[in-house]
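See structure below.
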Amino acid sequence: MDNWPANVPLGISLRGPDLDADAQMLVALGAVVRAASMWEFSLRMLFCALEESKFAAVTAAGQEAGWLAEMCRALLDRHTEINEQHRAALTKLLSDAGQAMRDRNRFIHDAWVTGQDGVPNLMRSWRRKHELTFTPKTTNDLVGTARTLNSSSGALINWICEALGPEVAGLEAQLRWEEGRSATSADI
């Protein structure tokens with residue numbers, strides 16, 4: 001264990017000729033997972049804001065990012081009061097983050113293998129086919145996806161405040177706040 005990377009718990013499986021590089025990829029993969037979860041939360045905020053209801057949080061709860069994005073696109077089509085500049089910005093944001101989420105899905109659901117040259121690859125199978133595809137991936141690919149999702153989350157919250165108004169930004173959490181206040185009041 002003399003060559004085991006610092007700050008990597010024993011029991012974490014590392015592969016390839018460079019354990020430090022593999023550890024960095026695992027950290028970057030974790031960053032993608034964390035950023036994707038924040039993107040999904042931001043989409044729930046957008047859904048509730050576009051629905052203009054604190055009760056939309058009940059519908060949005062547990063939904064996947066793809067469903068939320070699709071519903072937000074449909075709601076955007078019905079919000080005729082949103083100007084073209086805001087409409088175009090949200091459409092682009094949903095598209096860019098949608099591609100990053102598709103990349104995230106490949107990172108999570110494809111198999112990570114090490115090629116003969118020691119380079120990490122994603123190995124993917126296809127429905128009703130026996131062939132496999134191999135796509136080389138780098139730490140920078142993972143970091144880029146995490147950055148896109150992180151910046152998209154922040155941009156989405158800014159979009160909500162600018163296009164719809166800051167008063168709707170908290171609709172996703174309003175029921176929880178109200179329950180918290182009533183629970184606190186009941187405890188007194």
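Numbering starts fresh at 1 for the residues of each chain in the structure tokens, the chains themselves are lettered A, B, ... in the order given, and ligands are numbered from 1 as they appear.
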Self-check item: All residues 9 Å or closer to range 53-59 of chain A, only C-alpha atoms, same chain fewer than 4 positions away omitted, as a VMD selection string
Solution: chain A and resid 44 to 45 47 to 49 63 168 170 to 175
Dump N, CA and C atoms for the selected residues as a PDB file, in the first residue's frame?
ATOM      1  N   ARG A  44     -36.522  21.666 -10.294  1.00  0.00           N
ATOM      2  CA  ARG A  44     -37.732  21.642  -9.457  1.00  0.00           C
ATOM      3  C   ARG A  44     -38.155  23.068  -9.106  1.00  0.00           C
ATOM      4  N   MET A  45     -37.165  23.913  -8.805  1.00  0.00           N
ATOM      5  CA  MET A  45     -37.473  25.318  -8.513  1.00  0.00           C
ATOM      6  C   MET A  45     -38.127  25.979  -9.727  1.00  0.00           C
ATOM      7  N   PHE A  47     -39.755  24.522 -12.241  1.00  0.00           N
ATOM      8  CA  PHE A  47     -41.083  23.947 -12.458  1.00  0.00           C
ATOM      9  C   PHE A  47     -42.112  24.621 -11.555  1.00  0.00           C
ATOM     10  N   CYS A  48     -41.801  24.756 -10.288  1.00  0.00           N
ATOM     11  CA  CYS A  48     -42.734  25.382  -9.345  1.00  0.00           C
ATOM     12  C   CYS A  48     -42.961  26.846  -9.692  1.00  0.00           C
ATOM     13  N   ALA A  49     -41.904  27.537 -10.099  1.00  0.00           N
ATOM     14  CA  ALA A  49     -42.029  28.946 -10.473  1.00  0.00           C
ATOM     15  C   ALA A  49     -42.901  29.102 -11.720  1.00  0.00           C
ATOM     16  N   GLN A  63     -39.306  13.524  -9.283  1.00  0.00           N
ATOM     17  CA  GLN A  63     -39.238  13.442 -10.745  1.00  0.00           C
ATOM     18  C   GLN A  63     -37.793  13.540 -11.209  1.00  0.00           C
ATOM     19  N   VAL A 168     -41.220  34.294  -6.844  1.00  0.00           N
ATOM     20  CA  VAL A 168     -41.581  32.906  -7.165  1.00  0.00           C
ATOM     21  C   VAL A 168     -40.407  31.945  -6.993  1.00  0.00           C
ATOM     22  N   GLY A 170     -38.886  31.004  -4.428  1.00  0.00           N
ATOM     23  CA  GLY A 170     -39.004  30.152  -3.246  1.00  0.00           C
ATOM     24  C   GLY A 170     -40.230  29.272  -3.207  1.00  0.00           C
ATOM     25  N   LEU A 171     -41.012  29.235  -4.280  1.00  0.00           N
ATOM     26  CA  LEU A 171     -42.234  28.424  -4.249  1.00  0.00           C
ATOM     27  C   LEU A 171     -41.958  26.953  -3.993  1.00  0.00           C
ATOM     28  N   GLU A 172     -40.834  26.439  -4.510  1.00  0.00           N
ATOM     29  CA  GLU A 172     -40.506  25.019  -4.319  1.00  0.00           C
ATOM     30  C   GLU A 172     -40.385  24.674  -2.845  1.00  0.00           C
ATOM     31  N   ALA A 173     -39.961  25.621  -2.022  1.00  0.00           N
ATOM     32  CA  ALA A 173     -39.731  25.363  -0.594  1.00  0.00           C
ATOM     33  C   ALA A 173     -40.847  25.875   0.311  1.00  0.00           C
ATOM     34  N   GLN A 174     -41.812  26.581  -0.242  1.00  0.00           N
ATOM     35  CA  GLN A 174     -42.796  27.258   0.599  1.00  0.00           C
ATOM     36  C   GLN A 174     -43.583  26.319   1.512  1.00  0.00           C
ATOM     37  N   LEU A 175     -44.024  25.181   1.015  1.00  0.00           N
ATOM     38  CA  LEU A 175     -44.769  24.244   1.877  1.00  0.00           C
ATOM     39  C   LEU A 175     -43.912  23.781   3.054  1.00  0.00           C
TER      40      LEU A 175
END
Using 7 Å as the limit and counting only C-alpha atoms, can you tabulate each residue of range 6-86 of chain A that touches range 102-124 of chain A, with its shortest atom-to-atom distance in Å and the two atoms involved, as JSON lines?
{"residue": "A:Gly16", "atom": "CA", "partner": "A:Gly118", "partner_atom": "CA", "distance": 6.0}
{"residue": "A:Pro17", "atom": "CA", "partner": "A:Gly118", "partner_atom": "CA", "distance": 6.4}
{"residue": "A:Val32", "atom": "CA", "partner": "A:Arg104", "partner_atom": "CA", "distance": 6.7}
Dump of N, CA and C atoms for the selected residues, as an mmCIF file, in the first residue's frame:
data_model
loop_
_atom_site.group_PDB
_atom_site.id
_atom_site.type_symbol
_atom_site.label_atom_id
_atom_site.label_comp_id
_atom_site.auth_asym_id
_atom_site.auth_seq_id
_atom_site.Cartn_x
_atom_site.Cartn_y
_atom_site.Cartn_z
ATOM 1 N N GLY A 16 -5.833 0.866 -13.287
ATOM 2 C CA GLY A 16 -4.951 1.489 -14.254
ATOM 3 C C GLY A 16 -3.538 1.612 -13.745
ATOM 4 N N PRO A 17 -2.664 2.054 -14.629
ATOM 5 C CA PRO A 17 -1.252 2.153 -14.256
ATOM 6 C C PRO A 17 -0.963 3.309 -13.305
ATOM 7 N N VAL A 32 -19.462 15.386 -10.788
ATOM 8 C CA VAL A 32 -20.549 15.318 -11.765
ATOM 9 C C VAL A 32 -21.844 14.917 -11.067
#
Quiz item: When you draw a straight line from CA of Cys72 in chain A to CA of Ser42 in chain A, how long is it in Å?
Solution: 11.4 Å
Practice problem: Name all residues at most 12 Å from Gln99 in chain A (count only C-alpha atoms; drop same-chain ones fewer than 3 positions away) and give them as a VMD selection string. | Solution: chain A and resid 36 65 to 66 69 92 to 96 102 to 106 144 to 146 148 to 149 152
Would you write out those residues with C-alpha atoms, as a tab-separated table (two decimals), in the first residue's frame?
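Output file result-v7.tsv follows:
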chain	number	residue	atom	x	y	z
A	36	ALA	CA	-26.34	16.83	-11.46
A	65	ALA	CA	-34.38	15.80	-14.61
A	66	GLY	CA	-35.62	14.80	-18.07
A	69	ALA	CA	-37.04	19.80	-18.23
A	92	LYS	CA	-30.48	27.44	-24.54
A	93	LEU	CA	-29.86	26.79	-20.85
A	94	LEU	CA	-32.12	23.73	-20.87
A	95	SER	CA	-30.45	22.47	-24.04
A	96	ASP	CA	-26.87	22.93	-22.78
A	102	ARG	CA	-26.85	12.99	-21.15
A	103	ASP	CA	-23.07	12.96	-20.63
A	104	ARG	CA	-23.66	12.39	-16.91
A	105	ASN	CA	-25.87	9.42	-17.74
A	106	ARG	CA	-23.13	7.91	-19.88
A	144	GLY	CA	-16.23	20.04	-17.90
A	145	THR	CA	-19.56	18.31	-17.38
A	146	ALA	CA	-19.59	19.18	-13.67
A	148	THR	CA	-21.55	23.01	-17.07
A	149	LEU	CA	-24.10	21.63	-14.61
A	152	SER	CA	-26.37	26.00	-15.36
Exercise. Write out as a ChimeraX atom specification each polymer residue whose atoms come within 12 Å of Asp77 in chain A, counting only C-alpha atoms; drop sequence neighbours fewer than 6 positions from it.
Key: /A:50,70-71,83-84,87-88,90-91
